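Undergrad: Just one file: query-v8.tsv, with TSV, C-alpha atoms.
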chain	number	residue	atom	x	y	z
A	1	MET	CA	0.00	0.00	0.00
A	2	THR	CA	1.45	3.36	-1.02
A	3	GLU	CA	1.70	6.13	1.56
A	4	LEU	CA	-1.16	8.11	-0.05
A	5	LYS	CA	-3.44	5.06	-0.05
A	6	LYS	CA	-2.70	4.51	3.63
A	7	LEU	CA	-3.49	8.14	4.41
A	8	MET	CA	-6.68	7.94	2.35
A	9	LYS	CA	-7.75	4.94	4.42
A	10	ASP	CA	-6.99	6.86	7.63
A	11	TYR	CA	-9.01	9.82	6.30
A	12	ALA	CA	-11.96	7.56	5.51
A	13	GLU	CA	-11.79	6.15	9.04
A	14	LEU	CA	-11.81	9.71	10.36
A	15	VAL	CA	-14.91	10.89	8.49
A	16	VAL	CA	-16.85	7.70	9.30
A	17	ARG	CA	-15.84	7.20	12.93
A	18	ALA	CA	-15.44	10.83	14.08
A	19	GLY	CA	-17.40	12.70	11.41
A	20	ILE	CA	-20.54	10.55	11.26
A	21	ASN	CA	-19.57	8.37	14.25
A	22	ILE	CA	-21.55	5.56	12.68
A	23	GLN	CA	-23.32	3.28	15.17
A	24	LYS	CA	-23.99	-0.44	14.96
A	25	GLY	CA	-27.21	-1.07	13.03
A	26	GLN	CA	-27.36	2.48	11.60
A	27	ARG	CA	-27.69	3.16	7.87
A	28	LEU	CA	-25.34	5.56	6.06
A	29	SER	CA	-26.09	7.60	2.94
A	30	ILE	CA	-23.00	8.72	1.00
A	31	THR	CA	-23.19	11.38	-1.72
A	32	CYS	CA	-20.06	11.38	-3.85
A	33	PRO	CA	-18.78	12.39	-7.32
A	34	VAL	CA	-18.22	9.39	-9.56
A	35	GLU	CA	-14.64	10.59	-10.02
A	36	CYS	CA	-14.01	10.04	-6.30
A	37	ALA	CA	-15.46	6.52	-6.11
A	38	ASP	CA	-12.27	5.02	-4.64
A	39	PHE	CA	-12.61	7.18	-1.54
A	40	ALA	CA	-16.33	6.44	-1.24
A	41	ARG	CA	-15.52	2.73	-1.21
A	42	LEU	CA	-13.00	3.26	1.60
A	43	CYS	CA	-15.70	5.11	3.57
A	44	ALA	CA	-18.18	2.30	2.94
A	45	ALA	CA	-15.66	-0.28	4.11
A	46	ALA	CA	-14.96	1.71	7.27
A	47	ALA	CA	-18.68	2.01	7.95
A	48	TYR	CA	-19.33	-1.72	7.55
A	49	GLU	CA	-16.35	-2.49	9.80
A	50	ALA	CA	-17.97	-0.28	12.45
A	51	GLY	CA	-21.24	-2.22	12.24
A	52	CYS	CA	-23.20	-0.13	9.73
A	53	ARG	CA	-26.43	-1.83	8.69
A	54	GLU	CA	-26.32	-0.63	5.07
A	55	VAL	CA	-24.42	1.91	2.96
A	56	LEU	CA	-26.53	3.68	0.34
A	57	MET	CA	-24.79	5.54	-2.50
A	58	ARG	CA	-25.88	8.70	-4.31
A	59	TRP	CA	-23.50	9.34	-7.22
A	60	VAL	CA	-23.12	12.80	-8.76
A	61	ASP	CA	-21.26	13.95	-11.87
A	62	ASP	CA	-20.14	17.50	-12.70
A	63	ASP	CA	-20.40	17.08	-16.46
A	64	LEU	CA	-23.95	15.73	-16.28
A	65	LYS	CA	-24.96	18.48	-13.87
A	66	ARG	CA	-23.70	21.14	-16.26
A	67	MET	CA	-25.48	19.46	-19.21
A	68	LYS	CA	-28.73	19.52	-17.27
A	69	TYR	CA	-28.51	23.24	-16.51
A	70	LEU	CA	-27.64	24.04	-20.11
A	71	TYR	CA	-29.98	21.75	-22.03
A	72	ALA	CA	-32.76	20.22	-19.90
A	73	ALA	CA	-36.39	21.21	-20.45
A	74	ASP	CA	-37.09	24.48	-18.68
A	75	GLU	CA	-39.81	23.15	-16.40
A	76	VAL	CA	-37.54	20.61	-14.66
A	77	PHE	CA	-36.01	23.41	-12.59
A	78	ASP	CA	-39.31	24.07	-10.82
A	79	SER	CA	-39.68	20.68	-9.14
A	80	VAL	CA	-37.74	17.92	-7.39
A	81	ASN	CA	-38.24	14.24	-8.12
A	82	SER	CA	-40.47	12.63	-5.51
A	83	TRP	CA	-38.07	9.72	-5.00
A	84	THR	CA	-35.32	12.12	-3.89
A	85	VAL	CA	-37.64	13.69	-1.30
A	86	ASP	CA	-38.83	10.28	-0.08
A	87	TYR	CA	-35.25	8.99	0.18
A	88	LEU	CA	-33.97	11.89	2.29
A	89	ASN	CA	-37.07	12.19	4.46
A	90	THR	CA	-37.22	8.46	5.18
A	91	LEU	CA	-33.56	8.12	6.09
A	92	SER	CA	-33.43	11.29	8.20
A	93	ALA	CA	-36.57	10.22	10.09
A	94	GLU	CA	-34.91	6.97	11.10
A	95	GLY	CA	-31.71	8.73	12.21
A	96	ALA	CA	-29.42	7.54	9.42
A	97	GLY	CA	-26.06	9.21	8.89
A	98	PHE	CA	-25.41	11.48	5.89
A	99	LEU	CA	-21.91	11.83	4.46
A	100	SER	CA	-21.29	14.28	1.63
A	101	ILE	CA	-17.98	14.05	-0.25
A	102	TYR	CA	-17.67	17.40	-2.01
A	103	ALA	CA	-15.27	18.00	-4.91
A	104	GLU	CA	-17.14	20.26	-7.34
A	105	ASP	CA	-15.42	22.29	-10.05
A	106	PRO	CA	-15.61	25.89	-8.71
A	107	SER	CA	-16.57	27.19	-12.15
A	108	LEU	CA	-18.94	24.36	-13.03
A	109	LEU	CA	-21.95	26.52	-13.89
A	110	ASN	CA	-20.19	29.52	-15.44
A	111	GLY	CA	-22.32	30.78	-18.32
A	112	VAL	CA	-25.48	28.99	-17.15
A	113	GLU	CA	-28.63	31.12	-17.05
A	114	ALA	CA	-28.83	32.52	-13.52
A	115	GLY	CA	-32.61	32.13	-13.43
A	116	ARG	CA	-32.37	28.35	-13.79
A	117	ILE	CA	-29.97	28.15	-10.85
A	118	LYS	CA	-32.24	30.26	-8.65
A	119	ARG	CA	-35.39	28.34	-9.58
A	120	ALA	CA	-33.69	25.01	-8.88
A	121	GLN	CA	-32.55	26.29	-5.50
A	122	ILE	CA	-36.06	27.46	-4.63
A	123	SER	CA	-37.74	24.23	-5.70
A	124	SER	CA	-35.16	22.14	-3.85
A	125	GLY	CA	-35.46	24.28	-0.72
A	126	LYS	CA	-39.23	23.88	-0.62
A	127	ALA	CA	-39.28	20.18	-1.42
A	128	LEU	CA	-36.54	19.27	1.07
A	129	GLU	CA	-37.71	21.52	3.91
A	130	THR	CA	-38.32	18.61	6.31
A	131	TYR	CA	-34.92	17.05	5.61
A	132	ARG	CA	-33.11	20.39	5.94
A	133	ALA	CA	-34.81	21.13	9.26
A	134	ARG	CA	-33.66	17.79	10.66
A	135	ILE	CA	-30.10	18.44	9.53
A	136	MET	CA	-30.01	22.01	10.93
A	137	LYS	CA	-31.31	20.74	14.27
A	138	SER	CA	-28.83	17.81	14.28
A	139	GLU	CA	-31.62	15.29	14.55
A	140	CYS	CA	-29.35	12.92	12.66
A	141	PRO	CA	-25.54	12.91	12.27
A	142	TRP	CA	-24.07	14.40	9.10
A	143	CYS	CA	-20.62	15.25	7.81
A	144	VAL	CA	-19.17	17.11	4.84
A	145	CYS	CA	-15.62	16.37	3.69
A	146	SER	CA	-13.69	16.80	0.44
A	147	VAL	CA	-11.25	14.91	-1.74
A	148	PRO	CA	-9.60	16.20	-4.93
A	149	SER	CA	-11.19	16.08	-8.35
A	150	ALA	CA	-9.03	16.92	-11.34
A	151	LYS	CA	-10.89	20.11	-12.29
A	152	TRP	CA	-11.03	21.39	-8.73
A	153	ALA	CA	-7.31	20.68	-8.21
A	154	CYS	CA	-6.35	22.45	-11.43
A	155	SER	CA	-8.45	25.48	-10.44
A	156	VAL	CA	-6.60	25.71	-7.12
A	157	PHE	CA	-3.13	25.08	-8.64
A	158	PRO	CA	-3.33	26.31	-12.25
A	159	ASP	CA	0.47	26.33	-12.67
A	160	LEU	CA	0.76	22.58	-12.09
A	161	ASP	CA	-0.13	19.77	-14.45
A	162	GLU	CA	-3.18	17.69	-13.56
A	163	ASP	CA	-1.39	14.88	-11.70
A	164	GLN	CA	0.76	17.32	-9.73
A	165	ALA	CA	-2.27	19.48	-8.88
A	166	VAL	CA	-4.23	16.49	-7.58
A	167	GLU	CA	-1.25	15.29	-5.53
A	168	ARG	CA	-0.71	18.76	-4.05
A	169	LEU	CA	-4.40	19.16	-3.19
A	170	TRP	CA	-4.42	15.76	-1.49
A	171	SER	CA	-1.46	16.89	0.61
A	172	GLU	CA	-3.20	20.11	1.66
A	173	ILE	CA	-6.50	18.38	2.48
A	174	LEU	CA	-4.87	15.71	4.61
A	175	ALA	CA	-2.82	18.30	6.50
A	176	ALA	CA	-5.90	20.46	7.15
A	177	CYS	CA	-7.76	17.41	8.49
A	178	ARG	CA	-4.83	16.39	10.71
A	179	VAL	CA	-4.34	13.11	8.89
A	180	ASP	CA	-0.58	12.77	9.24
A	181	GLY	CA	0.02	9.04	9.28
A	182	GLY	CA	-0.71	8.68	12.97
A	183	ASN	CA	-4.01	8.17	14.70
A	184	ALA	CA	-6.26	10.50	12.71
A	185	VAL	CA	-9.31	9.94	14.92
A	186	GLN	CA	-7.32	10.65	18.08
A	187	ASN	CA	-5.73	13.74	16.48
A	188	TRP	CA	-9.17	15.01	15.55
A	189	GLN	CA	-10.61	14.51	19.04
A	190	LYS	CA	-7.69	16.44	20.54
A	191	HIS	CA	-8.34	19.30	18.11
A	192	SER	CA	-12.06	19.25	18.87
A	193	ASP	CA	-11.29	19.49	22.58
A	194	GLU	CA	-9.11	22.56	21.91
A	195	LEU	CA	-11.96	24.27	20.05
A	196	LYS	CA	-14.20	23.66	23.06
A	197	LYS	CA	-11.92	25.89	25.16
A	198	HIS	CA	-12.83	28.92	23.03
A	199	VAL	CA	-16.48	27.85	23.09
A	200	ASP	CA	-16.41	27.85	26.89
A	201	ILE	CA	-14.80	31.30	27.06
A	202	MET	CA	-17.33	32.86	24.67
A	203	ASN	CA	-20.22	31.26	26.53
A	204	GLU	CA	-18.89	32.52	29.84
A	205	TYR	CA	-18.80	36.11	28.54
A	206	ASN	CA	-22.37	35.83	27.19
A	207	PHE	CA	-21.93	38.97	25.07
A	208	LYS	CA	-24.87	41.10	24.03
A	209	ALA	CA	-23.19	42.07	20.75
A	210	LEU	CA	-19.97	41.88	18.73
A	211	LYS	CA	-18.37	44.78	16.81
A	212	TYR	CA	-16.23	43.97	13.74
A	213	LYS	CA	-13.80	46.34	12.05
A	214	ASN	CA	-10.88	46.04	9.60
A	215	SER	CA	-9.09	47.93	6.83
A	216	ALA	CA	-10.96	45.99	4.11
A	217	GLY	CA	-14.03	48.04	5.00
A	218	THR	CA	-15.98	45.81	7.36
A	219	ASP	CA	-17.57	47.93	10.08
A	220	VAL	CA	-20.56	46.11	11.54
A	221	THR	CA	-22.26	45.47	14.87
A	222	VAL	CA	-23.87	42.07	15.39
A	223	GLY	CA	-26.45	41.61	18.12
A	224	LEU	CA	-26.70	38.19	19.78
A	225	PRO	CA	-30.02	36.77	20.99
A	226	GLU	CA	-30.90	36.11	24.61
A	227	GLY	CA	-30.12	32.53	25.60
A	228	HIS	CA	-27.62	31.95	22.79
A	229	PHE	CA	-24.72	29.55	23.11
A	230	TRP	CA	-21.54	29.13	21.09
A	231	SER	CA	-20.65	25.81	19.49
A	232	GLY	CA	-17.60	24.29	17.81
A	233	GLY	CA	-15.81	21.00	17.30
A	234	ASP	CA	-18.00	17.94	17.67
A	235	GLU	CA	-21.65	18.22	18.63
A	236	LYS	CA	-24.40	15.99	19.94
A	237	ALA	CA	-27.10	14.55	17.71
A	238	ALA	CA	-30.63	14.10	19.02
A	239	THR	CA	-29.74	10.46	19.63
A	240	GLY	CA	-27.01	11.56	22.07
A	241	VAL	CA	-24.18	10.47	19.76
A	242	MET	CA	-21.36	12.96	19.16
A	243	PHE	CA	-20.43	13.78	15.55
A	244	SER	CA	-18.38	16.35	13.59
A	245	ALA	CA	-20.39	18.03	10.84
A	246	ASN	CA	-17.41	19.55	9.01
A	247	ILE	CA	-14.00	18.00	8.45
A	248	PRO	CA	-11.94	20.14	8.58
A	249	THR	CA	-13.17	22.79	11.01
A	250	GLU	CA	-11.41	25.58	12.89
A	251	GLU	CA	-14.46	27.62	13.87
A	252	VAL	CA	-16.53	28.42	16.90
A	253	PHE	CA	-19.90	29.79	15.89
A	254	VAL	CA	-23.22	31.22	17.02
A	255	LEU	CA	-26.29	32.77	15.44
A	256	PRO	CA	-26.90	36.54	15.28
A	257	GLU	CA	-30.18	38.05	16.43
A	258	ARG	CA	-32.13	38.24	13.18
A	259	ASN	CA	-32.90	41.97	13.23
A	260	SER	CA	-29.77	43.20	15.00
A	261	VAL	CA	-27.00	43.31	12.38
A	262	ASN	CA	-26.08	46.82	11.21
A	263	GLY	CA	-23.24	48.17	9.09
A	264	THR	CA	-20.95	47.16	6.24
A	265	ILE	CA	-19.59	43.65	5.65
A	266	VAL	CA	-16.80	43.18	3.10
A	267	ALA	CA	-15.73	39.72	1.91
A	268	THR	CA	-12.00	39.03	1.98
A	269	LYS	CA	-12.00	35.86	-0.16
A	270	PRO	CA	-13.86	34.82	-3.32
A	271	LEU	CA	-16.94	32.65	-2.86
A	272	SER	CA	-17.70	29.63	-5.03
A	273	LEU	CA	-21.49	29.72	-5.16
A	274	ASN	CA	-23.67	27.53	-7.35
A	275	GLY	CA	-20.78	26.75	-9.66
A	276	THR	CA	-19.82	30.41	-10.10
A	277	LEU	CA	-17.06	32.47	-8.48
A	278	ILE	CA	-18.25	35.62	-6.70
A	279	GLU	CA	-15.38	38.07	-6.25
A	280	ASP	CA	-14.78	41.37	-4.42
A	281	PHE	CA	-18.22	41.65	-2.88
A	282	SER	CA	-19.79	43.47	0.04
A	283	PHE	CA	-23.11	44.01	1.79
A	284	GLU	CA	-24.79	46.95	3.45
A	285	VAL	CA	-27.01	45.76	6.30
A	286	LYS	CA	-29.74	47.56	8.26
A	287	ASP	CA	-31.75	45.99	11.08
A	288	GLY	CA	-30.47	42.57	10.03
A	289	LYS	CA	-31.50	42.81	6.36
A	290	ILE	CA	-29.10	43.10	3.43
A	291	THR	CA	-30.11	46.35	1.72
A	292	GLU	CA	-27.28	46.72	-0.82
A	293	VAL	CA	-25.08	44.23	-2.69
A	294	HIS	CA	-21.92	44.99	-4.63
A	295	ALA	CA	-19.65	42.51	-6.45
A	296	GLU	CA	-17.00	42.86	-9.13
A	297	GLU	CA	-17.79	39.39	-10.49
A	298	GLY	CA	-20.95	37.30	-10.14
A	299	GLU	CA	-23.20	40.00	-8.71
A	300	ASP	CA	-26.29	38.61	-10.46
A	301	ILE	CA	-25.74	35.19	-8.90
A	302	LEU	CA	-25.22	36.76	-5.49
A	303	ARG	CA	-28.37	38.88	-5.77
A	304	ASP	CA	-30.36	35.80	-6.71
A	305	ALA	CA	-28.88	33.89	-3.75
A	306	ILE	CA	-30.07	36.48	-1.21
A	307	SER	CA	-33.56	36.60	-2.71
A	308	VAL	CA	-34.59	32.93	-2.86
A	309	ASP	CA	-36.86	33.67	0.11
A	310	GLU	CA	-37.30	36.34	2.79
A	311	GLY	CA	-34.78	34.83	5.19
A	312	ALA	CA	-32.01	34.65	2.59
A	313	SER	CA	-31.35	38.39	2.98
A	314	TYR	CA	-30.80	38.03	6.74
A	315	PHE	CA	-27.97	36.30	8.58
A	316	GLY	CA	-27.87	32.88	10.21
A	317	GLU	CA	-24.30	32.42	11.44
A	318	VAL	CA	-21.35	34.28	12.91
A	319	ALA	CA	-18.13	32.23	13.10
A	320	LEU	CA	-14.75	33.02	14.65
A	321	VAL	CA	-11.60	31.56	13.09
A	322	PRO	CA	-8.07	32.74	13.97
A	323	TYR	CA	-6.18	34.25	11.05
A	324	ASP	CA	-3.21	32.02	11.96
A	325	SER	CA	-5.26	28.83	11.68
A	326	PRO	CA	-3.48	25.99	9.82
A	327	ILE	CA	-5.56	26.44	6.65
A	328	SER	CA	-4.85	30.16	6.61
A	329	ARG	CA	-1.12	29.56	7.16
A	330	SER	CA	-1.06	27.20	4.17
A	331	GLY	CA	-1.66	30.21	1.92
A	332	VAL	CA	-3.91	28.11	-0.34
A	333	LEU	CA	-7.17	29.54	-1.67
A	334	PHE	CA	-9.17	26.31	-1.96
A	335	LEU	CA	-12.14	27.78	-3.87
A	336	ASN	CA	-14.20	25.48	-1.64
A	337	THR	CA	-16.17	26.98	1.24
A	338	LEU	CA	-15.57	23.98	3.51
A	339	PHE	CA	-11.87	24.87	3.56
A	340	ASP	CA	-11.83	28.61	2.91
A	341	GLU	CA	-14.31	29.34	5.73
A	342	ASN	CA	-11.89	27.63	8.10
A	343	ALA	CA	-9.10	30.00	7.12
A	344	SER	CA	-11.12	33.06	8.05
A	345	CYS	CA	-13.77	34.51	10.30
A	346	HIS	CA	-17.01	34.33	8.38
A	347	PHE	CA	-20.71	35.05	8.26
A	348	ALA	CA	-23.51	33.09	6.62
A	349	PHE	CA	-26.65	34.58	5.15
A	350	GLY	CA	-29.76	32.44	5.35
A	351	ASP	CA	-30.81	29.72	7.76
A	352	ALA	CA	-29.56	29.70	11.34
A	353	TYR	CA	-28.38	26.76	13.39
A	354	PRO	CA	-30.68	27.17	16.41
A	355	CYS	CA	-27.98	27.79	19.04
A	356	ILE	CA	-30.58	28.84	21.60
A	357	GLU	CA	-31.11	27.14	24.95
A	358	GLY	CA	-34.22	24.97	24.72
A	359	ALA	CA	-34.55	25.31	20.93
A	360	GLU	CA	-35.33	21.62	20.54
A	361	ASN	CA	-38.65	22.19	22.30
A	362	MET	CA	-39.62	25.41	20.46
A	363	SER	CA	-41.94	25.82	17.50
A	364	GLU	CA	-40.85	27.70	14.38
A	365	GLU	CA	-42.88	30.69	15.60
A	366	GLU	CA	-41.15	30.63	18.99
A	367	LEU	CA	-37.73	30.41	17.39
A	368	ARG	CA	-38.55	33.35	15.12
A	369	ALA	CA	-39.66	35.37	18.16
A	370	ARG	CA	-36.28	34.65	19.76
A	371	GLY	CA	-34.45	36.06	16.72
A	372	VAL	CA	-33.63	32.81	14.88
A	373	ASN	CA	-33.57	33.34	11.12
A	374	SER	CA	-35.18	30.77	8.82
A	375	SER	CA	-34.42	30.22	5.14
A	376	MET	CA	-34.05	27.50	2.54
A	377	THR	CA	-30.44	28.59	2.01
A	378	HIS	CA	-27.29	28.91	4.12
A	379	VAL	CA	-24.23	30.45	2.45
A	380	ASP	CA	-20.94	31.06	4.27
A	381	PHE	CA	-18.57	33.81	3.13
A	382	MET	CA	-15.27	35.00	4.52
A	383	VAL	CA	-14.50	38.31	6.25
A	384	GLY	CA	-11.31	37.56	8.22
A	385	SER	CA	-8.12	39.57	7.72
A	386	PRO	CA	-4.76	40.03	9.50
A	387	ASP	CA	-6.00	43.28	11.05
A	388	LEU	CA	-9.54	42.23	11.98
A	389	GLU	CA	-10.70	43.53	15.33
A	390	ILE	CA	-13.70	42.03	17.11
A	391	THR	CA	-14.92	43.54	20.35
A	392	GLY	CA	-17.51	41.97	22.62
A	393	ILE	CA	-20.16	44.18	24.21
A	394	THR	CA	-21.42	42.94	27.57
A	395	HIS	CA	-24.97	43.41	28.84
A	396	ASP	CA	-23.77	46.25	31.08
A	397	GLY	CA	-22.03	48.04	28.20
A	398	LYS	CA	-18.42	47.02	28.79
A	399	GLU	CA	-16.18	46.43	25.77
A	400	ILE	CA	-13.99	43.32	25.86
A	401	PRO	CA	-11.38	42.60	23.16
A	402	VAL	CA	-12.08	39.25	21.49
A	403	PHE	CA	-9.93	39.48	18.33
A	404	ARG	CA	-6.96	41.73	17.68
A	405	ASN	CA	-4.69	41.45	14.63
A	406	GLY	CA	-6.94	38.72	13.27
A	407	ASN	CA	-6.61	36.34	16.22
A	408	PHE	CA	-8.20	35.57	19.56
A	409	VAL	CA	-6.95	37.76	22.37
A	410	PHE	CA	-7.45	35.00	24.95
Using structure tokens, write down the structure that the file contains.
TA:
Amino acid sequence: MTELKKLMKDYAELVVRAGINIQKGQRLSITCPVECADFARLCAAAAYEAGCREVLMRWVDDDLKRMKYLYAADEVFDSVNSWTVDYLNTLSAEGAGFLSIYAEDPSLLNGVEAGRIKRAQISSGKALETYRARIMKSECPWCVCSVPSAKWACSVFPDLDEDQAVERLWSEILAACRVDGGNAVQNWQKHSDELKKHVDIMNEYNFKALKYKNSAGTDVTVGLPEGHFWSGGDEKAATGVMFSANIPTEEVFVLPERNSVNGTIVATKPLSLNGTLIEDFSFEVKDGKITEVHAEEGEDILRDAISVDEGASYFGEVALVPYDSPISRSGVLFLNTLFDENASCHFAFGDAYPCIEGAENMSEEELRARGVNSSMTHVDFMVGSPDLEITGITHDGKEIPVFRNGNFVF
């Protein structure tokens, strides 16, 4: 077995045993590009070794996806096949695990009519509302990870030939996920425990608001709802089993109060959104709502993304990531939100993870009254910089430094 194959096996063990944390008798759904089938098979083998009842595969293909958006009958973008809805609803209801192996070409849908992308997003959001709600509330374990595809690797490393680009991207992914030839699962648990230290500090402060400012132009105040709590590292599913939703992750996160974000937010990294790169973009925000959008590239796609429903123009996540995190230090722009968001503090517009005490017993109306945003979309974008300052505002008006020079003060 070559060294890379051994590391790939360790990585598969990590995403199955620490990401999903598959339990004996549980089913696992894996969504994976056909190009990455070798890794999917390693994940399936790891799952069966752990006692998985059944592995179910959902194969995807970039080329076929692009063909569909370019040539399919127009009406297909306004509905979702019933068997897809039934599949996801049935498995999520029984508490199955969901593993997504993401390796999409960042420019996959360049040149596709923006209206088709928006309509497909709306129809999917409506049809899969039950499934999405279960995922957002962690009613079943889920995990997103990535492995290289040729087109993605060549987009990240355009100066290398295809084989070299794929090899380099493998190296960067494995390093970011702490798969170094040792005990990957143990390494990951140690990292998760470290993230919990920042979670505990932020929860102890129980800030009323956070103020962001940097030289890129971000100048925004973010109100936090009563009863909020910060999260990061592994988390507990409704079944009581711990799982890690994102591998890698460097963030601790919370939700903003829906109507209490005010100011200017400027992105510091491009965003790969719906197969299109959005570059040099910013938002003006008043009382939580995005009122102005500016982008040098992809502005039409971005405008469509924040208008798929009412909640898409409000914010659902605030995440803190040190500028000197390992992914940031690598200097690689991955053109993949799973990695780029973990190199930088970020926000997400759209749906909120309900990080509110007692949320599991609240209705949608009660959550909304507590300031929890709801949407069929959730899009992370990066705002971190080497000079980012974040200041916490306590309930009695004191200002406490949280970030200085892009990193945690404590």
Undergrad: If you measure from atom CA of Trp59 of chain A to atom CA of Ala237 of chain A, what distance in Å do you get, rounded to one decimal?
TA: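 Taking atom CA of Trp59 of chain A and atom CA of Ala237 of chain A, their separation equals 25.7 Å.
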Undergrad: Per residue of segment 231-287 of chain A within 8 Å of segment 370-383 of chain A, note the shortest atom pair and the distance in Å to one decimal, counting only C-alpha atoms, and order the rows by chain and increasing residue number, as JSON lines.
TA:
{"residue": "A:Leu255", "atom": "CA", "partner": "A:Val372", "partner_atom": "CA", "distance": 7.4}
{"residue": "A:Pro256", "atom": "CA", "partner": "A:Gly371", "partner_atom": "CA", "distance": 7.7}
{"residue": "A:Glu257", "atom": "CA", "partner": "A:Gly371", "partner_atom": "CA", "distance": 4.7}
{"residue": "A:Arg258", "atom": "CA", "partner": "A:Gly371", "partner_atom": "CA", "distance": 4.8}
{"residue": "A:Asn259", "atom": "CA", "partner": "A:Gly371", "partner_atom": "CA", "distance": 7.0}
{"residue": "A:Ile265", "atom": "CA", "partner": "A:Val383", "partner_atom": "CA", "distance": 7.4}
{"residue": "A:Val266", "atom": "CA", "partner": "A:Val383", "partner_atom": "CA", "distance": 6.2}
{"residue": "A:Ala267", "atom": "CA", "partner": "A:Val383", "partner_atom": "CA", "distance": 4.7}
{"residue": "A:Thr268", "atom": "CA", "partner": "A:Val383", "partner_atom": "CA", "distance": 5.0}
{"residue": "A:Lys269", "atom": "CA", "partner": "A:Met382", "partner_atom": "CA", "distance": 5.8}
{"residue": "A:Pro270", "atom": "CA", "partner": "A:Met382", "partner_atom": "CA", "distance": 8.0}
{"residue": "A:Leu271", "atom": "CA", "partner": "A:Phe381", "partner_atom": "CA", "distance": 6.3}
Undergrad: Just the residues within 9 Å of segment 159-175 of chain A, please, counting only C-alpha atoms, with nothing from its chain fewer than 6 positions along; format it as a list in words.
TA: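 The filter keeps Leu4, Leu7, Met8, Tyr11, Ser146, Val147, Pro148, Ser149, Ala150, Lys151, Trp152, Ala153, Pro248, Pro326, Ile327, Ser330, Val332, Phe334 and Phe339 of chain A.
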Undergrad: Produce a table with one row for each residue of segment 302-406 of chain A that has an atom at most 8 Å from any atom of segment 134-144 of chain A, each row naming the nearest atom pair and its distance in Å at one decimal; use only C-alpha atoms; arrange rows by chain and rising residue number; format as CSV.
TA:
residue,atom,partner,partner_atom,distance
A:Leu338,CA,A:Val144,CA,7.9
A:Ala352,CA,A:Met136,CA,7.7
A:Tyr353,CA,A:Met136,CA,5.6
A:Pro354,CA,A:Lys137,CA,6.8
A:Glu360,CA,A:Lys137,CA,7.5
Undergrad: When you look at His395 of chain A with a cut-off of 10 Å (counting only C-alpha atoms), what residues show up, excluding the ones that are within fewer than 3 positions of it in the same chain? I need them as JSON, numbers by chain.
TA: {"A": [205, 206, 207, 208, 209, 392, 398, 399]}
